[in-house]
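S.K.: Structure file start.txt (compact mmCIF, C-alpha atoms) right here:
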```
# COMPACT_ATOMS: atom_id res chain seq x y z
CA MET A 1 125.34 116.81 105.98
CA ASN A 2 126.68 115.70 102.62
CA GLU A 3 126.76 112.06 101.63
CA ILE A 4 128.41 110.26 98.75
CA ILE A 5 125.85 108.14 96.92
CA HIS A 6 125.86 105.82 93.93
CA LEU A 7 122.83 105.75 91.67
CA LYS A 8 122.47 103.61 88.59
CA VAL A 9 120.14 105.67 86.40
CA ASN A 10 118.92 104.13 83.13
CA GLY A 11 121.96 101.86 83.20
CA THR A 12 124.54 104.58 83.83
CA GLU A 13 126.43 104.72 87.13
CA HIS A 14 126.58 108.09 88.88
CA GLU A 15 128.65 108.96 91.93
CA LEU A 16 127.26 112.09 93.55
CA GLU A 17 127.84 114.13 96.67
CA VAL A 18 124.47 115.36 97.91
CA PRO A 19 123.05 116.82 101.11
CA ALA A 20 121.04 114.21 103.07
CA ARG A 21 117.91 116.28 102.50
CA ARG A 22 118.24 116.13 98.69
CA LEU A 23 115.10 114.68 97.13
CA LEU A 24 115.47 112.10 94.40
CA VAL A 25 113.44 114.21 91.95
CA ASP A 26 115.82 117.15 92.43
CA CYS A 27 118.85 114.90 92.23
CA LEU A 28 117.65 113.48 88.90
CA ARG A 29 116.71 116.87 87.46
CA TYR A 30 119.42 119.18 88.77
CA ASP A 31 122.40 117.00 89.73
CA ILE A 32 122.16 114.52 86.85
CA GLY A 33 120.30 116.73 84.35
CA LEU A 34 117.47 114.34 83.52
CA THR A 35 114.56 116.77 83.44
CA GLY A 36 112.04 114.32 81.99
CA THR A 37 110.84 113.51 85.51
CA LYS A 38 108.45 116.28 86.62
CA GLU A 39 107.48 117.52 90.05
CA GLY A 40 103.80 118.28 90.52
CA CYS A 41 102.20 118.19 93.97
CA SER A 42 105.42 117.52 95.97
CA VAL A 43 103.54 115.31 98.44
CA GLY A 44 103.31 111.98 96.62
CA VAL A 45 99.74 112.39 95.41
CA CYS A 46 99.79 113.40 91.73
CA GLY A 47 102.18 110.86 90.22
CA ALA A 48 104.05 113.29 87.92
CA CYS A 49 107.39 112.37 89.55
CA THR A 50 106.94 108.60 89.18
CA VAL A 51 110.17 106.68 88.52
CA LEU A 52 111.06 103.02 88.94
CA ILE A 53 113.37 102.12 91.81
CA ASP A 54 114.60 98.54 91.46
CA GLY A 55 111.62 98.03 89.15
CA GLU A 56 108.98 99.26 91.62
CA MET A 57 107.16 102.51 90.97
CA ALA A 58 108.00 105.24 93.45
CA ALA A 59 107.25 108.91 93.99
CA SER A 60 110.64 110.60 93.60
CA CYS A 61 109.33 113.81 95.25
CA ILE A 62 109.06 112.08 98.63
CA THR A 63 112.10 109.83 98.25
CA LEU A 64 115.42 110.98 99.67
CA ALA A 65 118.27 110.57 97.18
CA VAL A 66 120.35 109.01 99.95
CA ALA A 67 117.63 106.39 100.45
CA ALA A 68 118.11 105.32 96.81
CA ASP A 69 121.87 104.85 97.28
CA GLY A 70 123.02 101.70 95.47
CA LEU A 71 119.67 101.18 93.75
CA ASP A 72 118.68 100.93 90.11
CA ILE A 73 116.55 103.82 88.85
CA THR A 74 114.64 104.04 85.59
CA THR A 75 113.29 107.38 84.38
CA ILE A 76 111.33 108.31 81.26
CA GLU A 77 114.66 108.95 79.49
CA GLY A 78 115.54 105.28 79.92
CA LEU A 79 112.65 103.86 77.91
CA ALA A 80 113.39 104.67 74.28
CA ASN A 81 115.98 102.65 72.45
CA GLY A 82 117.90 105.36 70.59
CA LYS A 83 115.36 107.02 68.33
CA GLU A 84 112.94 104.13 68.62
CA LEU A 85 110.27 104.91 71.18
CA HIS A 86 109.15 102.37 73.75
CA PRO A 87 105.80 100.81 72.75
CA ILE A 88 104.07 102.59 75.66
CA GLN A 89 105.43 105.96 74.50
CA GLN A 90 104.33 105.23 70.93
CA SER A 91 100.90 104.19 72.14
CA PHE A 92 100.43 107.48 74.04
CA ILE A 93 101.22 109.32 70.78
CA ASP A 94 99.02 107.08 68.63
CA HIS A 95 96.04 107.28 70.96
CA GLY A 96 96.27 110.88 72.14
CA GLY A 97 97.17 109.95 75.71
CA PHE A 98 98.34 113.46 76.54
CA GLN A 99 97.70 117.09 75.82
CA CYS A 100 99.90 119.45 77.85
CA GLY A 101 102.32 116.65 78.69
CA ILE A 102 103.34 117.51 82.25
CA CYS A 103 101.90 114.31 83.72
CA THR A 104 102.97 112.10 80.81
CA PRO A 105 106.40 110.91 82.04
CA GLY A 106 104.74 109.79 85.27
CA GLN A 107 101.82 108.18 83.43
CA ILE A 108 104.17 106.24 81.19
CA MET A 109 106.44 105.13 84.03
CA ALA A 110 103.41 103.94 86.03
CA ALA A 111 102.14 102.05 82.97
CA LYS A 112 105.60 100.52 82.50
CA ALA A 113 105.64 99.34 86.13
CA LEU A 114 102.23 97.74 85.64
CA LEU A 115 103.01 96.00 82.36
CA ASP A 116 106.30 94.70 83.77
CA VAL A 117 104.45 92.77 86.48
CA ASN A 118 101.14 92.23 84.68
CA PRO A 119 101.64 92.15 80.92
CA ASP A 120 97.96 91.56 80.15
CA PRO A 121 95.93 93.72 82.54
CA THR A 122 92.19 94.20 82.39
CA GLU A 123 90.77 97.69 82.03
CA ASP A 124 89.84 97.66 85.73
CA GLU A 125 93.37 96.69 86.70
CA VAL A 126 94.77 99.57 84.65
CA LYS A 127 92.31 102.00 86.26
CA GLU A 128 93.17 100.80 89.76
CA TRP A 129 96.92 100.90 89.15
CA MET A 130 96.90 104.30 87.44
CA MET A 131 94.50 105.99 89.90
CA GLY A 132 97.44 107.82 91.48
CA ASN A 133 98.50 109.54 88.25
CA LEU A 134 96.46 112.68 87.86
CA CYS A 135 95.83 114.38 84.52
CA ARG A 136 93.94 117.64 84.12
CA CYS A 137 93.67 117.56 80.32
CA THR A 138 92.62 114.24 78.88
CA GLY A 139 89.73 113.10 81.03
CA TYR A 140 91.67 109.82 81.38
CA TYR A 141 89.87 107.87 78.64
CA LYS A 142 92.70 108.46 76.17
CA ILE A 143 95.28 107.43 78.78
CA LEU A 144 93.38 104.24 79.49
CA GLU A 145 93.15 103.56 75.77
CA SER A 146 96.89 104.23 75.35
CA VAL A 147 97.83 101.77 78.09
CA MET A 148 95.40 99.10 76.90
CA GLU A 149 96.68 99.42 73.33
CA ALA A 150 100.30 99.38 74.50
CA VAL A 151 99.74 95.92 75.93
CA LYS A 152 99.98 94.16 72.58
CA PRO A 153 103.26 95.60 71.26
CA THR A 154 104.91 95.22 74.70
CA GLN A 155 104.06 91.55 74.63
CA ASP A 156 105.48 91.28 71.11
CA VAL A 157 108.74 92.92 72.15
CA ASN A 158 109.07 90.51 75.05
CA LYS A 159 108.53 87.48 72.84
CA MET B 1 113.59 120.63 104.54
CA ILE B 2 116.17 121.23 107.25
CA ASP B 3 119.30 119.14 106.67
CA PHE B 4 120.14 116.25 108.96
CA GLN B 5 122.63 113.48 109.44
CA TYR B 6 121.66 110.28 107.69
CA HIS B 7 122.31 106.79 109.02
CA THR B 8 121.81 103.38 107.40
CA PRO B 9 122.60 100.82 110.08
CA ASN B 10 122.91 97.17 109.07
CA THR B 11 121.57 95.58 112.24
CA LEU B 12 118.94 96.30 114.89
CA GLU B 13 121.74 96.53 117.50
CA GLU B 14 123.21 99.44 115.53
CA VAL B 15 119.75 101.04 115.40
CA PHE B 16 119.43 100.80 119.18
CA ASP B 17 122.89 102.32 119.65
CA LEU B 18 121.92 105.25 117.43
CA LEU B 19 118.59 105.71 119.22
CA ASN B 20 120.28 105.58 122.62
CA THR B 21 122.89 108.11 121.48
CA TYR B 22 120.62 110.63 119.81
CA GLY B 23 117.34 110.12 121.67
CA GLU B 24 114.61 112.50 120.60
CA ASP B 25 116.85 114.16 118.01
CA ALA B 26 116.56 111.02 115.89
CA ARG B 27 113.68 109.70 113.79
CA VAL B 28 113.46 106.22 112.37
CA MET B 29 112.53 105.94 108.69
CA ALA B 30 111.11 102.93 106.85
CA GLY B 31 109.28 103.71 103.58
CA GLY B 32 109.58 107.41 104.31
CA THR B 33 106.28 108.38 102.69
CA ALA B 34 104.93 110.08 105.83
CA LEU B 35 108.23 111.15 107.40
CA VAL B 36 109.64 112.89 104.31
CA ILE B 37 106.42 114.87 103.78
CA GLN B 38 106.39 115.94 107.44
CA MET B 39 110.04 116.97 107.15
CA LYS B 40 109.37 118.89 103.92
CA GLN B 41 106.56 120.73 105.69
CA ARG B 42 108.86 121.26 108.70
CA LEU B 43 106.37 119.61 111.02
CA LEU B 44 109.32 117.43 112.01
CA GLN B 45 112.94 118.58 112.03
CA PRO B 46 115.02 115.63 113.19
CA GLU B 47 118.80 116.09 113.41
CA HIS B 48 119.30 112.40 112.67
CA VAL B 49 117.36 110.12 110.33
CA ILE B 50 117.89 106.39 110.76
CA ASN B 51 116.84 104.42 107.68
CA LEU B 52 115.90 100.80 108.43
CA ARG B 53 116.09 99.56 104.85
CA LYS B 54 119.24 97.49 105.32
CA ILE B 55 117.92 95.64 108.38
CA ALA B 56 117.32 92.03 107.37
CA GLY B 57 114.57 89.79 108.69
CA LEU B 58 111.83 92.38 109.17
CA SER B 59 109.89 91.88 105.96
CA GLY B 60 108.47 88.40 106.30
CA ILE B 61 104.81 87.37 106.40
CA ASN B 62 104.31 84.13 108.33
CA LYS B 63 101.61 82.07 109.97
CA SER B 64 101.55 82.58 113.72
CA GLU B 65 99.84 80.53 116.42
CA ASP B 66 96.55 82.40 116.17
CA GLY B 67 96.78 84.14 112.83
CA ILE B 68 99.50 85.90 110.95
CA GLN B 69 102.73 87.73 111.80
CA ILE B 70 103.83 90.58 109.55
CA GLY B 71 107.33 92.07 109.69
CA SER B 72 107.33 95.82 110.14
CA LEU B 73 109.28 96.47 106.94
CA CYS B 74 106.74 94.69 104.73
CA THR B 75 105.33 97.13 102.23
CA GLN B 76 101.64 97.81 102.41
CA ARG B 77 101.34 96.45 98.88
CA ALA B 78 102.94 93.17 99.98
CA VAL B 79 100.28 92.77 102.68
CA GLU B 80 97.49 93.65 100.27
CA THR B 81 98.62 91.08 97.70
CA ASP B 82 100.00 88.28 99.91
CA PRO B 83 98.00 85.05 99.45
CA LEU B 84 98.50 84.03 103.10
CA VAL B 85 97.08 87.34 104.36
CA SER B 86 94.11 87.08 101.98
CA GLU B 87 93.44 83.55 103.19
CA ILE B 88 93.84 84.01 106.96
CA VAL B 89 92.85 87.66 107.50
CA PRO B 90 91.07 88.89 104.34
CA LEU B 91 89.84 91.95 106.22
CA VAL B 92 93.47 93.06 106.63
CA ALA B 93 94.33 92.53 102.95
CA ASN B 94 91.28 94.60 102.07
CA ALA B 95 92.12 97.42 104.50
CA TYR B 96 95.73 97.70 103.28
CA GLY B 97 94.42 97.78 99.71
CA ARG B 98 92.37 100.87 100.50
CA ILE B 99 95.34 103.09 101.42
CA ALA B 100 96.08 106.03 99.12
CA THR B 101 97.34 104.74 95.74
CA PRO B 102 99.27 101.67 94.55
CA ARG B 103 102.45 103.79 94.28
CA ILE B 104 102.28 104.83 97.92
CA ARG B 105 101.49 101.26 98.99
CA HIS B 106 104.61 100.06 97.13
CA MET B 107 106.72 102.49 99.19
CA ALA B 108 105.05 102.69 102.60
CA THR B 109 105.54 99.96 105.19
CA VAL B 110 103.36 98.32 107.81
CA GLY B 111 105.49 99.45 110.75
CA GLY B 112 105.96 102.96 109.41
CA GLY B 113 102.23 103.34 108.93
CA LEU B 114 101.41 102.17 112.45
CA VAL B 115 103.93 104.38 114.26
CA HIS B 116 102.90 107.37 112.15
CA GLY B 117 99.80 107.38 114.36
CA ASP B 118 97.51 109.22 111.97
CA PRO B 119 93.94 108.46 113.16
CA SER B 120 92.62 108.57 109.59
CA GLN B 121 94.62 105.62 108.33
CA ASP B 122 92.83 102.61 106.88
CA PRO B 123 94.32 99.56 108.61
CA PRO B 124 93.99 100.37 112.36
CA PRO B 125 90.18 99.95 112.73
CA SER B 126 90.28 96.50 111.12
CA LEU B 127 93.43 95.49 113.00
CA ILE B 128 92.02 96.59 116.36
CA ALA B 129 88.69 94.86 115.66
CA LEU B 130 90.63 91.62 115.12
CA GLY B 131 92.62 92.10 118.35
CA ALA B 132 95.98 92.76 116.66
CA ARG B 133 99.15 93.20 118.70
CA VAL B 134 102.46 94.88 117.96
CA ILE B 135 105.96 93.88 119.02
CA LEU B 136 108.26 96.70 120.08
CA THR B 137 111.93 95.80 120.31
CA SER B 138 114.71 97.60 122.14
CA ASP B 139 118.14 96.62 123.42
CA SER B 140 116.48 95.36 126.59
CA GLY B 141 114.19 92.94 124.76
CA GLU B 142 110.70 92.76 123.30
CA ARG B 143 107.43 94.22 124.48
CA GLU B 144 104.11 93.09 123.09
CA LEU B 145 101.02 95.21 123.36
CA MET B 146 97.52 95.41 121.98
CA LEU B 147 97.28 97.79 119.05
CA GLU B 148 94.19 99.20 120.75
CA ASP B 149 96.43 100.45 123.58
CA PHE B 150 99.19 101.61 121.23
CA TYR B 151 97.49 104.82 120.09
CA LEU B 152 97.75 107.54 122.73
CA ASP B 153 96.86 110.80 121.02
CA TYR B 154 96.89 112.62 117.69
CA TYR B 155 100.00 111.28 115.87
CA GLU B 156 101.21 109.94 119.21
CA THR B 157 101.84 106.27 119.92
CA ASP B 158 103.34 104.25 122.75
CA VAL B 159 106.69 103.71 121.03
CA ARG B 160 109.08 104.49 123.89
CA GLU B 161 112.58 105.86 123.63
CA GLY B 162 114.97 103.30 122.16
CA GLU B 163 112.18 101.12 120.75
CA VAL B 164 111.48 100.04 117.18
CA LEU B 165 108.23 98.43 116.05
CA THR B 166 109.37 95.12 114.57
CA ALA B 167 106.22 93.09 113.97
CA LEU B 168 102.44 93.10 113.78
CA ILE B 169 100.49 90.02 114.84
CA VAL B 170 96.91 89.69 113.64
CA PRO B 171 94.70 86.89 114.96
CA ALA B 172 92.33 85.34 112.45
CA ALA B 173 88.67 86.23 112.96
CA PRO B 174 86.80 83.53 114.90
CA ILE B 175 85.43 80.68 112.80
CA GLY B 176 81.92 81.46 111.64
CA SER B 177 82.30 85.21 112.09
CA GLY B 178 81.83 87.93 109.50
CA THR B 179 84.04 90.96 108.97
CA ALA B 180 83.79 94.25 107.12
CA TYR B 181 85.69 97.50 106.63
CA LEU B 182 83.87 100.48 105.16
CA LYS B 183 85.54 103.69 104.10
CA PHE B 184 83.40 106.73 103.36
CA LEU B 185 85.03 108.58 100.46
CA PRO B 186 82.91 111.46 99.21
CA ARG B 187 85.85 113.16 97.46
CA THR B 188 88.45 111.09 95.62
CA ALA B 189 89.35 107.41 95.67
CA ASP B 190 92.87 108.05 97.01
CA ASP B 191 91.77 110.24 99.91
CA TYR B 192 91.82 109.53 103.63
CA ALA B 193 88.45 108.39 104.91
CA THR B 194 85.93 111.02 105.96
CA VAL B 195 84.76 108.33 108.36
CA SER B 196 85.66 104.65 108.43
CA ALA B 197 84.35 101.65 110.36
CA ALA B 198 85.43 98.05 110.86
CA ALA B 199 83.25 95.33 112.37
CA VAL B 200 83.80 91.72 113.36
CA VAL B 201 80.54 89.90 114.21
CA CYS B 202 79.97 86.42 115.62
CA ARG B 203 76.46 85.06 115.29
CA ALA B 204 74.86 82.14 117.12
CA SER B 205 72.42 79.85 115.32
CA ASP B 206 69.35 81.73 116.57
CA ASN B 207 70.56 85.03 114.96
CA MET B 208 71.85 86.15 118.35
CA CYS B 209 74.94 88.38 118.37
CA GLU B 210 77.53 86.34 120.25
CA ASP B 211 80.34 88.82 119.91
CA LEU B 212 81.00 92.14 118.21
CA LYS B 213 84.02 94.36 117.76
CA LEU B 214 83.31 97.76 116.27
CA VAL B 215 86.12 100.26 115.63
CA LEU B 216 85.93 103.66 113.93
CA GLY B 217 88.58 105.69 112.12
CA SER B 218 88.89 109.41 111.24
CA VAL B 219 86.52 110.43 114.04
CA GLY B 220 88.90 111.37 116.85
CA VAL B 221 92.56 111.72 117.79
CA THR B 222 93.01 107.93 117.73
CA PRO B 223 91.05 105.03 116.26
CA ILE B 224 88.00 104.61 118.53
CA ARG B 225 86.48 101.34 119.68
CA ALA B 226 82.74 101.73 120.23
CA VAL B 227 82.56 99.54 123.33
CA GLU B 228 79.09 100.64 124.37
CA ALA B 229 77.61 99.79 120.97
CA GLU B 230 79.30 96.37 121.19
CA GLN B 231 77.84 95.75 124.66
CA ARG B 232 74.36 96.79 123.59
CA LEU B 233 74.25 94.32 120.73
CA ILE B 234 76.02 91.32 122.29
CA GLY B 235 73.43 88.83 123.51
CA LYS B 236 70.69 90.40 121.41
CA SER B 237 69.16 89.30 118.18
CA LEU B 238 70.80 90.83 115.08
CA THR B 239 67.67 92.66 113.97
CA ASP B 240 67.60 96.02 112.22
CA GLU B 241 66.03 97.55 115.32
CA ASN B 242 68.68 96.21 117.70
CA ILE B 243 71.55 97.22 115.40
CA ARG B 244 70.16 100.74 115.10
CA ALA B 245 69.71 101.00 118.86
CA ALA B 246 73.31 99.86 119.44
CA VAL B 247 74.94 102.27 116.99
CA ALA B 248 72.88 105.16 118.35
CA THR B 249 75.53 105.23 121.12
CA VAL B 250 78.35 105.87 118.64
CA LYS B 251 77.85 109.63 118.35
CA ALA B 252 78.62 110.09 122.02
CA VAL B 253 82.04 108.40 121.84
CA VAL B 254 83.41 110.02 118.69
CA ASP B 255 84.99 113.45 118.60
CA PRO B 256 85.78 114.26 114.97
CA LEU B 257 87.82 117.20 113.74
CA GLU B 258 86.31 119.51 111.18
CA ASP B 259 88.22 119.65 107.91
CA TYR B 260 87.53 119.96 104.17
CA ARG B 261 86.00 116.47 104.23
CA GLY B 262 83.18 117.62 106.44
CA SER B 263 82.11 119.39 109.61
CA ALA B 264 82.43 117.70 112.97
CA ASP B 265 78.63 117.37 113.14
CA TYR B 266 78.46 115.75 109.73
CA LYS B 267 81.20 113.26 110.57
CA ARG B 268 79.47 112.43 113.86
CA ASP B 269 76.28 111.64 111.94
CA MET B 270 78.19 109.62 109.37
CA ALA B 271 80.01 107.70 112.11
CA GLU B 272 76.66 106.29 113.24
CA VAL B 273 75.60 105.52 109.67
CA PHE B 274 78.86 103.76 108.78
CA ALA B 275 78.97 101.87 112.08
CA ARG B 276 75.55 100.44 111.25
CA ARG B 277 76.50 99.62 107.67
CA ALA B 278 79.75 97.95 108.79
CA ILE B 279 77.83 95.69 111.17
CA GLU B 280 75.25 94.91 108.49
CA ARG B 281 77.96 94.12 105.96
CA ALA B 282 79.86 91.96 108.47
CA VAL B 283 76.64 89.99 109.12
CA GLU B 284 76.19 89.54 105.37
CA ASN B 285 79.77 88.27 105.18
CA ILE B 286 79.30 85.55 107.80
CA VAL B 287 80.22 82.19 106.40
CA ASP B 288 77.98 79.69 108.18
CA ILE B 289 79.68 76.51 109.25
```
Could the structure of this file be written out as structure tokens, please?
M.R.:
Amino acid sequence: MNEIIHLKVNGTEHELEVPARRLLVDCLRYDIGLTGTKEGCSVGVCGACTVLIDGEMAASCITLAVAADGLDITTIEGLANGKELHPIQQSFIDHGGFQCGICTPGQIMAAKALLDVNPDPTEDEVKEWMMGNLCRCTGYYKILESVMEAVKPTQDVNK
Amino acid sequence: MIDFQYHTPNTLEEVFDLLNTYGEDARVMAGGTALVIQMKQRLLQPEHVINLRKIAGLSGINKSEDGIQIGSLCTQRAVETDPLVSEIVPLVANAYGRIATPRIRHMATVGGGLVHGDPSQDPPPSLIALGARVILTSDSGERELMLEDFYLDYYETDVREGEVLTALIVPAAPIGSGTAYLKFLPRTADDYATVSAAAVVCRASDNMCEDLKLVLGSVGVTPIRAVEAEQRLIGKSLTDENIRAAVATVKAVVDPLEDYRGSADYKRDMAEVFARRAIERAVENIVDI
């Protein structure tokens, strides 16, 4: 059964008619055309589809689009300011936080969610928070380094 | 996923009307983490999905007479990180912090997790060991029952037609007791337990076991309370020998399913091991008064 929903994605309002069974990840990718969000495991385990819903990290592959009606969604496309990358994105480039890149949008969105609530995390806090974002290339050390190094510029931006 | 009609009622009364109208064709959704996966896999094919997210007043965490009352729409992360929960029932904060990953805990709710009825979940052994109760609300009023009696079978709970789980009440552990929850995770940190065990131990001054609650997860179709092991240790000295003798009865009461985490025999063996370790850890955690 189709529903009319309103999603505010990266600051832009969208009115969409979607079937109730439409998943948020598909809605973002196919209805809105934001393909930065990736689908990996499809069961909420791997973290590739991580987006922020009202600031909280969520797995968009197990979220119904209708359940996000009226809510504020941030995807990887919403982080850069024009051509200027977000400090977390820049840090992943500077510190080799990715190889193939499929998990990277989810890694960066999870890191963003963490730094938004805890701007100065310890290494253990980063490991605990990011445990649900799987990567098959990097062995995680470079991701950890990227997030830890992103801490400083994020703080500067906020100041 | 098979399509369905979606409802977002604003009040519990509207929820009851929908449940009374659609009966077994309807499923209630809170965080949706379990329900959406089951629907994607076509294990469930409801014609109506009733999302509770607009219902106000079900996400509070408050002190109750004997412990703490948690609204069913509280996220699992909220329970894990709430200072009141950590102070009054630290065992519960710890158990909720062991579920899956932080992302799932941000989405999944307390009520949704309980009614999901998966016997491998983290919170139920600890909650049952503390004597937790749930409140089920329908248009004819409230019903309170022990969580221990709530689990009927594999993914089957005592939520009756027209009812919604609205709150969880967890009594604080007795003063001077020790508690522990152990989760055996031989694979990955975000996995369900291969075997889990929660223990609440009360000790008298002469090292005598005054009271014990011992509950196991992932070893049967529901969480399993090891009553015989409890009875064998209560009134006895908390020695290594007595603890080992008590948990030797655990194998007979568990009935694990074989899966990729281990064979039924292996889990039965591990149930005894983790029951013993949970009791030992709970004894270590006793704060003497």
S.K.: What does the structure give for the distance between atom CA of A:Pro105 and atom CA of A:Gly44, in Å to one decimal?
M.R.: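 Computing the Euclidean distance for atom CA of A:Pro105 and atom CA of A:Gly44 yields 14.9 Å.
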S.K.: What are the residues of chain B that have an atom within 9 Å of an atom of chain A, counting all atoms listed in the file, as a PyMOL selection string?
M.R.: chain B and resi 1-6+8+31-37+40+51+53+100-104+106-107+189-190
S.K.: Store the residues of this selection in a file with C-alpha atoms, as a short mmCIF file (atom, residue, chain, number, x, y, z; two decimals), in the frame of the given file.
M.R.:
```
data_model
loop_
_atom_site.label_atom_id
_atom_site.label_comp_id
_atom_site.auth_asym_id
_atom_site.auth_seq_id
_atom_site.Cartn_x
_atom_site.Cartn_y
_atom_site.Cartn_z
CA MET B 1 113.59 120.63 104.54
CA ILE B 2 116.17 121.23 107.25
CA ASP B 3 119.30 119.14 106.67
CA PHE B 4 120.14 116.25 108.96
CA GLN B 5 122.63 113.48 109.44
CA TYR B 6 121.66 110.28 107.69
CA THR B 8 121.81 103.38 107.40
CA GLY B 31 109.28 103.71 103.58
CA GLY B 32 109.58 107.41 104.31
CA THR B 33 106.28 108.38 102.69
CA ALA B 34 104.93 110.08 105.83
CA LEU B 35 108.23 111.15 107.40
CA VAL B 36 109.64 112.89 104.31
CA ILE B 37 106.42 114.87 103.78
CA LYS B 40 109.37 118.89 103.92
CA ASN B 51 116.84 104.42 107.68
CA ARG B 53 116.09 99.56 104.85
CA ALA B 100 96.08 106.03 99.12
CA THR B 101 97.34 104.74 95.74
CA PRO B 102 99.27 101.67 94.55
CA ARG B 103 102.45 103.79 94.28
CA ILE B 104 102.28 104.83 97.92
CA HIS B 106 104.61 100.06 97.13
CA MET B 107 106.72 102.49 99.19
CA ALA B 189 89.35 107.41 95.67
CA ASP B 190 92.87 108.05 97.01
#
```
S.K.: Expressed in Å to a single decimal, how great is the separation between atom CA of B:Ile70 and atom CA of B:Ile99?
M.R.: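 According to the coordinates, atom CA of B:Ile70 and atom CA of B:Ile99 are separated by 17.2 Å.
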S.K.: Enter the distance from atom CA of B:Ile135 to atom CA of B:Thr157, in Å, rounded to one decimal.
M.R.: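 Atom CA of B:Ile135 sits 13.1 Å away from atom CA of B:Thr157.
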S.K.: Please provide as a VMD selection string all residues within 12 Å of B:Asp82, with the sequence filter that same-chain residues fewer than 6 positions apart are discarded (counting all atoms listed in the file).
M.R.: chain B and resid 60 to 63 68 70 74 to 76 88 to 90 92 to 94 96 to 97
S.K.: I'd like to know which of B:Ile169, B:Val273, B:Leu214, B:Leu130 is closest to B:Leu145, using only C-alpha atoms.
M.R.: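 Comparing B:Ile169, B:Val273, B:Leu214, B:Leu130 against B:Leu145, the winner is B:Ile169.
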S.K.: With all atoms listed in the file as the basis for distance, which of A:Val126, A:Leu79, A:Ile88, A:Leu16 is at the shortest distance from A:Gly36?
M.R.: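 Distance minimum relative to A:Gly36 lands on A:Leu79.
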